[in-house]
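Here is data-v2.pdb, consisting of PDB, C-alpha atoms, pLDDT in the B column:
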ATOM      1  CA  MET A   1      54.759 -17.657  -0.273  1.00 61.00           C
ATOM      2  CA  PHE A   2      51.402 -19.405   0.273  1.00 66.00           C
ATOM      3  CA  SER A   3      51.614 -18.995   4.067  1.00 69.00           C
ATOM      4  CA  ARG A   4      52.318 -15.261   3.687  1.00 68.00           C
ATOM      5  CA  LEU A   5      49.340 -14.886   1.366  1.00 67.00           C
ATOM      6  CA  LYS A   6      47.172 -16.840   3.799  1.00 69.00           C
ATOM      7  CA  THR A   7      48.059 -14.453   6.654  1.00 72.00           C
ATOM      8  CA  LEU A   8      47.052 -11.507   4.461  1.00 72.00           C
ATOM      9  CA  VAL A   9      43.591 -12.808   3.571  1.00 74.00           C
ATOM     10  CA  TRP A  10      42.616 -15.065   6.461  1.00 83.00           C
ATOM     11  CA  ILE A  11      42.146 -13.997  10.086  1.00 86.00           C
ATOM     12  CA  THR A  12      39.772 -15.321  12.717  1.00 87.00           C
ATOM     13  CA  PRO A  13      36.754 -13.252  13.800  1.00 89.00           C
ATOM     14  CA  GLN A  14      38.287 -12.815  17.270  1.00 93.00           C
ATOM     15  CA  GLU A  15      41.537 -11.565  15.755  1.00 91.00           C
ATOM     16  CA  PHE A  16      39.580  -9.201  13.499  1.00 90.00           C
ATOM     17  CA  CYS A  17      37.676  -7.736  16.472  1.00 91.00           C
ATOM     18  CA  TRP A  18      40.943  -7.363  18.388  1.00 90.00           C
ATOM     19  CA  ARG A  19      42.591  -5.515  15.494  1.00 90.00           C
ATOM     20  CA  VAL A  20      39.639  -3.141  15.160  1.00 92.00           C
ATOM     21  CA  LEU A  21      39.748  -2.442  18.907  1.00 91.00           C
ATOM     22  CA  VAL A  22      43.502  -1.901  18.799  1.00 90.00           C
ATOM     23  CA  SER A  23      43.048   0.608  15.964  1.00 89.00           C
ATOM     24  CA  PHE A  24      41.606   2.968  18.605  1.00 89.00           C
ATOM     25  CA  LEU A  25      44.389   2.434  21.148  1.00 86.00           C
ATOM     26  CA  PRO A  26      47.660   4.361  20.952  1.00 81.00           C
ATOM     27  CA  PRO A  27      50.706   2.067  21.030  1.00 80.00           C
ATOM     28  CA  VAL A  28      51.778   2.956  24.555  1.00 78.00           C
ATOM     29  CA  SER A  29      52.746  -0.609  25.474  1.00 77.00           C
ATOM     30  CA  VAL A  30      54.332  -3.518  23.671  1.00 77.00           C
ATOM     31  CA  ARG A  31      50.958  -5.262  23.437  1.00 77.00           C
ATOM     32  CA  PHE A  32      49.458  -2.480  21.310  1.00 79.00           C
ATOM     33  CA  ASN A  33      52.638  -1.625  19.420  1.00 82.00           C
ATOM     34  CA  LYS A  34      52.253  -4.215  16.664  1.00 84.00           C
ATOM     35  CA  VAL A  35      51.374  -3.171  13.124  1.00 86.00           C
ATOM     36  CA  TYR A  36      48.790  -5.635  11.823  1.00 86.00           C
ATOM     37  CA  VAL A  37      49.151  -6.370   8.134  1.00 88.00           C
ATOM     38  CA  ASP A  38      46.207  -7.998   6.401  1.00 89.00           C
ATOM     39  CA  PHE A  39      43.595  -7.186   3.782  1.00 91.00           C
ATOM     40  CA  VAL A  40      40.486  -8.240   5.715  1.00 91.00           C
ATOM     41  CA  GLY A  41      40.369  -5.301   8.142  1.00 91.00           C
ATOM     42  CA  PRO A  42      41.157  -2.621   5.548  1.00 93.00           C
ATOM     43  CA  CYS A  43      38.666  -4.018   3.021  1.00 93.00           C
ATOM     44  CA  PHE A  44      35.960  -4.214   5.662  1.00 94.00           C
ATOM     45  CA  ALA A  45      36.691  -0.613   6.723  1.00 95.00           C
ATOM     46  CA  ILE A  46      36.455   0.598   3.123  1.00 96.00           C
ATOM     47  CA  VAL A  47      33.182  -1.252   2.521  1.00 96.00           C
ATOM     48  CA  MET A  48      31.612  -0.112   5.815  1.00 96.00           C
ATOM     49  CA  LEU A  49      32.632   3.508   5.320  1.00 96.00           C
ATOM     50  CA  THR A  50      31.281   3.477   1.774  1.00 95.00           C
ATOM     51  CA  LEU A  51      27.966   1.974   2.909  1.00 94.00           C
ATOM     52  CA  VAL A  52      27.578   4.555   5.688  1.00 94.00           C
ATOM     53  CA  LEU A  53      28.358   7.398   3.285  1.00 93.00           C
ATOM     54  CA  ASN A  54      26.000   6.054   0.628  1.00 90.00           C
ATOM     55  CA  TYR A  55      23.206   5.872   3.194  1.00 89.00           C
ATOM     56  CA  GLY A  56      23.876   9.446   4.304  1.00 85.00           C
ATOM     57  CA  ASN A  57      24.107  10.546   0.684  1.00 83.00           C
ATOM     58  CA  LEU A  58      20.589   9.262   0.027  1.00 83.00           C
ATOM     59  CA  GLN A  59      19.239  12.012   2.294  1.00 74.00           C
ATOM     60  CA  HIS A  60      20.511  14.766  -0.026  1.00 69.00           C
ATOM     61  CA  LYS A  61      18.585  16.247  -2.910  1.00 66.00           C
ATOM     62  CA  PHE A  62      21.628  17.095  -5.010  1.00 66.00           C
ATOM     63  CA  VAL A  63      24.362  15.234  -6.873  1.00 70.00           C
ATOM     64  CA  HIS A  64      27.944  15.376  -5.618  1.00 72.00           C
ATOM     65  CA  LEU A  65      30.983  15.826  -7.796  1.00 79.00           C
ATOM     66  CA  LEU A  66      32.434  12.611  -6.359  1.00 83.00           C
ATOM     67  CA  ALA A  67      30.493   9.551  -5.293  1.00 87.00           C
ATOM     68  CA  PRO A  68      31.278   8.268  -1.779  1.00 90.00           C
ATOM     69  CA  ILE A  69      33.162   5.263  -3.158  1.00 92.00           C
ATOM     70  CA  GLN A  70      35.320   7.565  -5.268  1.00 93.00           C
ATOM     71  CA  SER A  71      36.181   9.767  -2.294  1.00 94.00           C
ATOM     72  CA  VAL A  72      37.074   6.799  -0.102  1.00 95.00           C
ATOM     73  CA  PHE A  73      39.187   5.115  -2.775  1.00 95.00           C
ATOM     74  CA  LEU A  74      40.948   8.370  -3.585  1.00 96.00           C
ATOM     75  CA  TYR A  75      41.912   8.776   0.071  1.00 96.00           C
ATOM     76  CA  VAL A  76      42.870   5.118   0.509  1.00 95.00           C
ATOM     77  CA  LEU A  77      45.099   5.205  -2.560  1.00 94.00           C
ATOM     78  CA  VAL A  78      46.672   8.647  -2.192  1.00 95.00           C
ATOM     79  CA  ALA A  79      47.225   8.982   1.576  1.00 94.00           C
ATOM     80  CA  PRO A  80      49.370   5.833   1.998  1.00 94.00           C
ATOM     81  CA  VAL A  81      51.452   6.730  -1.070  1.00 95.00           C
ATOM     82  CA  ILE A  82      52.199  10.233   0.228  1.00 93.00           C
ATOM     83  CA  CYS A  83      52.872   8.885   3.730  1.00 92.00           C
ATOM     84  CA  TYR A  84      55.210   6.261   2.250  1.00 93.00           C
ATOM     85  CA  ILE A  85      57.146   8.899   0.310  1.00 93.00           C
ATOM     86  CA  LEU A  86      57.413  11.157   3.364  1.00 91.00           C
ATOM     87  CA  ASN A  87      58.350   8.207   5.586  1.00 91.00           C
ATOM     88  CA  GLY A  88      61.012   7.211   3.068  1.00 91.00           C
ATOM     89  CA  LEU A  89      62.480  10.719   3.201  1.00 90.00           C
ATOM     90  CA  GLY A  90      62.542  10.408   6.986  1.00 89.00           C
ATOM     91  CA  ARG A  91      64.311   7.017   6.768  1.00 89.00           C
ATOM     92  CA  SER A  92      61.395   5.081   8.206  1.00 90.00           C
ATOM     93  CA  LYS A  93      61.422   1.302   8.470  1.00 89.00           C
ATOM     94  CA  LEU A  94      57.711   0.936   7.629  1.00 91.00           C
ATOM     95  CA  THR A  95      56.844  -0.807   4.370  1.00 92.00           C
ATOM     96  CA  PHE A  96      54.124   0.402   2.024  1.00 94.00           C
ATOM     97  CA  LEU A  97      51.844  -2.465   3.014  1.00 93.00           C
ATOM     98  CA  GLU A  98      52.255  -1.602   6.703  1.00 92.00           C
ATOM     99  CA  LEU A  99      51.439   2.052   6.037  1.00 94.00           C
ATOM    100  CA  PHE A 100      48.437   1.073   3.933  1.00 94.00           C
ATOM    101  CA  CYS A 101      47.103  -1.063   6.787  1.00 93.00           C
ATOM    102  CA  ILE A 102      47.787   1.623   9.403  1.00 93.00           C
ATOM    103  CA  VAL A 103      45.922   4.248   7.352  1.00 94.00           C
ATOM    104  CA  THR A 104      42.971   2.004   6.507  1.00 95.00           C
ATOM    105  CA  TYR A 105      42.599   0.601  10.028  1.00 94.00           C
ATOM    106  CA  ALA A 106      42.428   4.233  11.176  1.00 94.00           C
ATOM    107  CA  LEU A 107      39.236   4.579   9.088  1.00 95.00           C
ATOM    108  CA  TYR A 108      37.350   2.719  11.825  1.00 96.00           C
ATOM    109  CA  GLY A 109      37.495   5.962  13.806  1.00 94.00           C
ATOM    110  CA  HIS A 110      35.684   7.662  10.920  1.00 96.00           C
ATOM    111  CA  ILE A 111      33.065   4.928  10.769  1.00 96.00           C
ATOM    112  CA  VAL A 112      32.303   5.032  14.488  1.00 95.00           C
ATOM    113  CA  THR A 113      32.176   8.847  14.512  1.00 95.00           C
ATOM    114  CA  LEU A 114      29.788   9.049  11.548  1.00 94.00           C
ATOM    115  CA  VAL A 115      27.536   6.230  12.757  1.00 94.00           C
ATOM    116  CA  ILE A 116      27.216   7.546  16.321  1.00 93.00           C
ATOM    117  CA  SER A 117      26.569  11.088  15.084  1.00 91.00           C
ATOM    118  CA  PHE A 118      23.929   9.831  12.677  1.00 88.00           C
ATOM    119  CA  VAL A 119      22.185   7.537  15.154  1.00 89.00           C
ATOM    120  CA  PHE A 120      21.895  10.077  17.961  1.00 88.00           C
ATOM    121  CA  TYR A 121      21.446  13.398  16.160  1.00 81.00           C
ATOM    122  CA  LEU A 122      20.945  12.524  12.467  1.00 74.00           C
ATOM    123  CA  GLU A 123      24.143  14.493  11.744  1.00 68.00           C
ATOM    124  CA  GLU A 124      22.414  17.780  12.641  1.00 73.00           C
ATOM    125  CA  SER A 125      24.427  18.574  15.768  1.00 80.00           C
ATOM    126  CA  ASN A 126      27.880  19.746  14.771  1.00 84.00           C
ATOM    127  CA  LEU A 127      28.945  19.950  18.422  1.00 89.00           C
ATOM    128  CA  PHE A 128      28.149  16.274  18.955  1.00 91.00           C
ATOM    129  CA  PHE A 129      29.920  15.339  15.724  1.00 91.00           C
ATOM    130  CA  PHE A 130      33.076  17.227  16.658  1.00 93.00           C
ATOM    131  CA  SER A 131      33.006  15.725  20.160  1.00 93.00           C
ATOM    132  CA  CYS A 132      32.818  12.230  18.663  1.00 93.00           C
ATOM    133  CA  MET A 133      35.522  13.176  16.191  1.00 94.00           C
ATOM    134  CA  VAL A 134      37.894  14.209  18.968  1.00 94.00           C
ATOM    135  CA  VAL A 135      37.333  10.937  20.824  1.00 94.00           C
ATOM    136  CA  PHE A 136      37.160   8.291  18.089  1.00 94.00           C
ATOM    137  CA  ALA A 137      38.933   9.793  15.087  1.00 93.00           C
ATOM    138  CA  GLY A 138      41.385  11.454  17.441  1.00 93.00           C
ATOM    139  CA  LEU A 139      42.353   8.119  18.968  1.00 92.00           C
ATOM    140  CA  SER A 140      42.804   6.484  15.578  1.00 93.00           C
ATOM    141  CA  ALA A 141      44.834   9.486  14.373  1.00 93.00           C
ATOM    142  CA  LEU A 142      46.961   9.267  17.511  1.00 93.00           C
ATOM    143  CA  ARG A 143      47.731   5.628  16.749  1.00 92.00           C
ATOM    144  CA  LEU A 144      48.520   6.562  13.135  1.00 92.00           C
ATOM    145  CA  VAL A 145      50.941   9.230  14.342  1.00 92.00           C
ATOM    146  CA  PHE A 146      52.627   7.169  17.070  1.00 91.00           C
ATOM    147  CA  LEU A 147      53.300   4.189  14.825  1.00 91.00           C
ATOM    148  CA  GLN A 148      54.955   6.434  12.253  1.00 91.00           C
ATOM    149  CA  MET A 149      56.806   8.416  14.903  1.00 90.00           C
ATOM    150  CA  GLN A 150      58.416   5.294  16.338  1.00 89.00           C
ATOM    151  CA  SER A 151      59.868   4.290  12.991  1.00 89.00           C
ATOM    152  CA  ILE A 152      61.326   7.653  11.903  1.00 90.00           C
ATOM    153  CA  PRO A 153      64.742   8.477  13.395  1.00 89.00           C
ATOM    154  CA  LEU A 154      64.929  12.113  12.237  1.00 86.00           C
ATOM    155  CA  PRO A 155      63.065  14.579  14.532  1.00 87.00           C
ATOM    156  CA  GLY A 156      62.288  17.115  11.800  1.00 87.00           C
ATOM    157  CA  ALA A 157      60.923  14.402   9.530  1.00 88.00           C
ATOM    158  CA  ARG A 158      58.768  13.104  12.401  1.00 89.00           C
ATOM    159  CA  LEU A 159      57.147  16.509  12.732  1.00 91.00           C
ATOM    160  CA  ILE A 160      56.415  16.824   9.011  1.00 91.00           C
ATOM    161  CA  VAL A 161      55.175  13.268   8.475  1.00 91.00           C
ATOM    162  CA  CYS A 162      53.064  13.043  11.617  1.00 91.00           C
ATOM    163  CA  SER A 163      51.564  16.502  11.162  1.00 93.00           C
ATOM    164  CA  PHE A 164      50.672  15.781   7.557  1.00 93.00           C
ATOM    165  CA  SER A 165      49.125  12.374   8.188  1.00 93.00           C
ATOM    166  CA  SER A 166      47.088  13.447  11.230  1.00 94.00           C
ATOM    167  CA  ILE A 167      45.783  16.639   9.615  1.00 95.00           C
ATOM    168  CA  VAL A 168      44.807  14.865   6.394  1.00 95.00           C
ATOM    169  CA  HIS A 169      43.188  12.044   8.377  1.00 95.00           C
ATOM    170  CA  VAL A 170      40.993  14.389  10.419  1.00 96.00           C
ATOM    171  CA  LEU A 171      40.209  16.742   7.520  1.00 96.00           C
ATOM    172  CA  PHE A 172      39.065  13.766   5.459  1.00 96.00           C
ATOM    173  CA  LEU A 173      36.514  12.940   8.152  1.00 96.00           C
ATOM    174  CA  ILE A 174      35.276  16.540   8.229  1.00 94.00           C
ATOM    175  CA  PHE A 175      34.975  16.487   4.431  1.00 93.00           C
ATOM    176  CA  LEU A 176      32.976  13.249   4.539  1.00 93.00           C
ATOM    177  CA  HIS A 177      30.693  14.571   7.274  1.00 91.00           C
ATOM    178  CA  PHE A 178      29.799  17.807   5.559  1.00 88.00           C
ATOM    179  CA  THR A 179      29.721  16.430   2.021  1.00 87.00           C
ATOM    180  CA  TYR A 180      27.773  13.205   2.416  1.00 87.00           C
ATOM    181  CA  MET A 181      26.191  13.073   5.856  1.00 86.00           C
ATOM    182  CA  HIS A 182      25.219  16.590   6.936  1.00 80.00           C
ATOM    183  CA  PRO A 183      21.598  17.261   5.919  1.00 71.00           C
ATOM    184  CA  SER A 184      21.838  20.980   5.175  1.00 70.00           C
ATOM    185  CA  PHE A 185      25.364  21.486   3.828  1.00 65.00           C
ATOM    186  CA  LYS A 186      25.224  21.848   0.040  1.00 59.00           C
ATOM    187  CA  TYR A 187      28.106  20.708  -2.086  1.00 57.00           C
ATOM    188  CA  GLY A 188      27.331  19.431  -5.540  1.00 53.00           C
ATOM    189  CA  ARG A 189      26.280  20.125  -9.078  1.00 50.00           C
ATOM    190  CA  LYS A 190      22.537  20.052  -9.462  1.00 52.00           C
ATOM    191  CA  ALA A 191      19.354  18.920  -7.828  1.00 50.00           C
ATOM    192  CA  ARG A 192      18.168  15.345  -8.181  1.00 49.00           C
ATOM    193  CA  SER A 193      14.932  14.872 -10.022  1.00 48.00           C
TER     194      SER A 193
END
Please render this file's structure as structure tokens.
Amino acid sequence: MFSRLKTLVWITPQEFCWRVLVSFLPPVSVRFNKVYVDFVGPCFAIVMLTLVLNYGNLQHKFVHLLAPIQSVFLYVLVAPVICYILNGLGRSKLTFLELFCIVTYALYGHIVTLVISFVFYLEESNLFFFSCMVVFAGLSALRLVFLQMQSIPLPGARLIVCSFSSIVHVLFLIFLHFTYMHPSFKYGRKARS
């Protein structure tokens, strides 16, 4: 029990960097096929994404209906649950903890996309954002899809589960970009004083 808990909360910095790098690589070989289960990588992804969104949110002059932390936690709590239910209907062998880690490690694609778009164009170029989204978030979504696809034996269930998880994953990034990072898109209640 203690050794299992230790593997969930303790990884070396080199292992952490490797897991983040692997989150961008589709599992096309046995080396990249492993599902890493820990809490360090997902927690770091949640914190980093929230910090990036809070910084982008400071540029706006209006209040949003949801704070960045609320949006991220809503996605991190709801998406793995729905994926787990759909994977269960498709007779998948993935556990809830594995799906949670797959979904949250895929958030590194969101972080890289938002940071690169902000650094180079201050989130004003939608073409550059969507290009980064295709590369970085697309790779993390591809890994998310392939890992689920390998564990589901039913072809129809594969289509439903993988389509749902990839579409929600990419649409969440678009929502975050336009809601919290884009300087001119207005979504909120009232102006800040």
Please list, as a PDB file with C-alpha atoms, in the frame of the given file, the residues that have an atom at most 9 Å away from (62.6, 15.0, 9.3) in the coordinates of this file, counting all atoms listed in the file.
ATOM      1  CA  LEU A  86      57.413  11.157   3.364  1.00 91.00           C
ATOM      2  CA  ASN A  87      58.350   8.207   5.586  1.00 91.00           C
ATOM      3  CA  LEU A  89      62.480  10.719   3.201  1.00 90.00           C
ATOM      4  CA  GLY A  90      62.542  10.408   6.986  1.00 89.00           C
ATOM      5  CA  ARG A  91      64.311   7.017   6.768  1.00 89.00           C
ATOM      6  CA  ILE A 152      61.326   7.653  11.903  1.00 90.00           C
ATOM      7  CA  PRO A 153      64.742   8.477  13.395  1.00 89.00           C
ATOM      8  CA  LEU A 154      64.929  12.113  12.237  1.00 86.00           C
ATOM      9  CA  PRO A 155      63.065  14.579  14.532  1.00 87.00           C
ATOM     10  CA  GLY A 156      62.288  17.115  11.800  1.00 87.00           C
ATOM     11  CA  ALA A 157      60.923  14.402   9.530  1.00 88.00           C
ATOM     12  CA  ARG A 158      58.768  13.104  12.401  1.00 89.00           C
ATOM     13  CA  LEU A 159      57.147  16.509  12.732  1.00 91.00           C
ATOM     14  CA  ILE A 160      56.415  16.824   9.011  1.00 91.00           C
ATOM     15  CA  VAL A 161      55.175  13.268   8.475  1.00 91.00           C
TER      16      VAL A 161
END
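For the set A:Ile69, A:Leu58, A:Val35, A:Leu139, the residue with the smallest atom-to-atom gap to A:Thr95 is A:Val35, counting only C-alpha atoms.
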- request: Step by step, work through what the PyMOL selection byres ((chain A and resi 181) around 9) selects in the shown file, and finish by giving those residues as a ChimeraX atom specification.
  value: /A:52-60,114,118,122-123,176-180,182-183,185
- request: Could you expand the PyMOL selection byres ((chain A and resi 96) around 9) into the explicit residues it covers here, written as number ranges by chain?
  value: A: 80-81, 83-84, 94-95, 97-101
task: Would you please work out which residue, of A:Ser92, A:Thr113, A:Ser71, A:Ser29, is nearest to A:Ser131 when using all atoms listed in the file?
output: A:Thr113
Expansion of the PyMOL selection byres ((chain A and resi 130) around 12) into residues, as a list in words: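 What the PyMOL selection byres ((chain A and resi 130) around 12) grabs from the file is His110, Thr113, Leu114, Ile116, Ser117, Glu123, Glu124, Ser125, Asn126, Leu127, Phe128, Phe129, Ser131, Cys132, Met133, Val134, Val135, Phe136, Ala137, Gly138, Val170, Leu171, Leu173, Ile174, His177 and Phe178 of chain A.
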task: Calculate how many Å separate atom CA of A:Ile111 from atom CA of A:Met48, rounding to one decimal.
output: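 Between these atoms lies a distance of 7.2 Å.
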query: Which residues come within 12 Å of stretch 15-25 of chain A, counting all atoms listed in the file, excluding same-chain residues fewer than 3 positions away, as a PyMOL selection string?
result: chain A and resi 7-12+28-45+101-113+134-147
Include C-alpha atoms and write out the residues we just selected as a short mmCIF file (atom, residue, chain, number, x, y, z; two decimals), keeping the file's coordinate frame.
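Saved to selection_38.cif:
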data_model
loop_
_atom_site.label_atom_id
_atom_site.label_comp_id
_atom_site.auth_asym_id
_atom_site.auth_seq_id
_atom_site.Cartn_x
_atom_site.Cartn_y
_atom_site.Cartn_z
CA THR A 7 48.06 -14.45 6.65
CA LEU A 8 47.05 -11.51 4.46
CA VAL A 9 43.59 -12.81 3.57
CA TRP A 10 42.62 -15.06 6.46
CA ILE A 11 42.15 -14.00 10.09
CA THR A 12 39.77 -15.32 12.72
CA VAL A 28 51.78 2.96 24.56
CA SER A 29 52.75 -0.61 25.47
CA VAL A 30 54.33 -3.52 23.67
CA ARG A 31 50.96 -5.26 23.44
CA PHE A 32 49.46 -2.48 21.31
CA ASN A 33 52.64 -1.62 19.42
CA LYS A 34 52.25 -4.22 16.66
CA VAL A 35 51.37 -3.17 13.12
CA TYR A 36 48.79 -5.64 11.82
CA VAL A 37 49.15 -6.37 8.13
CA ASP A 38 46.21 -8.00 6.40
CA PHE A 39 43.60 -7.19 3.78
CA VAL A 40 40.49 -8.24 5.72
CA GLY A 41 40.37 -5.30 8.14
CA PRO A 42 41.16 -2.62 5.55
CA CYS A 43 38.67 -4.02 3.02
CA PHE A 44 35.96 -4.21 5.66
CA ALA A 45 36.69 -0.61 6.72
CA CYS A 101 47.10 -1.06 6.79
CA ILE A 102 47.79 1.62 9.40
CA VAL A 103 45.92 4.25 7.35
CA THR A 104 42.97 2.00 6.51
CA TYR A 105 42.60 0.60 10.03
CA ALA A 106 42.43 4.23 11.18
CA LEU A 107 39.24 4.58 9.09
CA TYR A 108 37.35 2.72 11.82
CA GLY A 109 37.49 5.96 13.81
CA HIS A 110 35.68 7.66 10.92
CA ILE A 111 33.06 4.93 10.77
CA VAL A 112 32.30 5.03 14.49
CA THR A 113 32.18 8.85 14.51
CA VAL A 134 37.89 14.21 18.97
CA VAL A 135 37.33 10.94 20.82
CA PHE A 136 37.16 8.29 18.09
CA ALA A 137 38.93 9.79 15.09
CA GLY A 138 41.38 11.45 17.44
CA LEU A 139 42.35 8.12 18.97
CA SER A 140 42.80 6.48 15.58
CA ALA A 141 44.83 9.49 14.37
CA LEU A 142 46.96 9.27 17.51
CA ARG A 143 47.73 5.63 16.75
CA LEU A 144 48.52 6.56 13.14
CA VAL A 145 50.94 9.23 14.34
CA PHE A 146 52.63 7.17 17.07
CA LEU A 147 53.30 4.19 14.82
#
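Atom CA of A:Val72 is positioned 25.6 Å from atom CA of A:Pro27.
Here atom CA of A:His169 is placed at a distance of 23.4 Å from atom CA of A:Phe120.
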Would you compute the box with edges along x, y and z of the file around stretch 151-165 of chain A, including every atom the file lists for it and 5 Å extra on each side, and give its centre and edge lengths in Å to one decimal, as JSON?
{"center_x": 57.0, "center_y": 10.7, "center_z": 11.0, "size_x": 25.8, "size_y": 22.8, "size_z": 17.0}
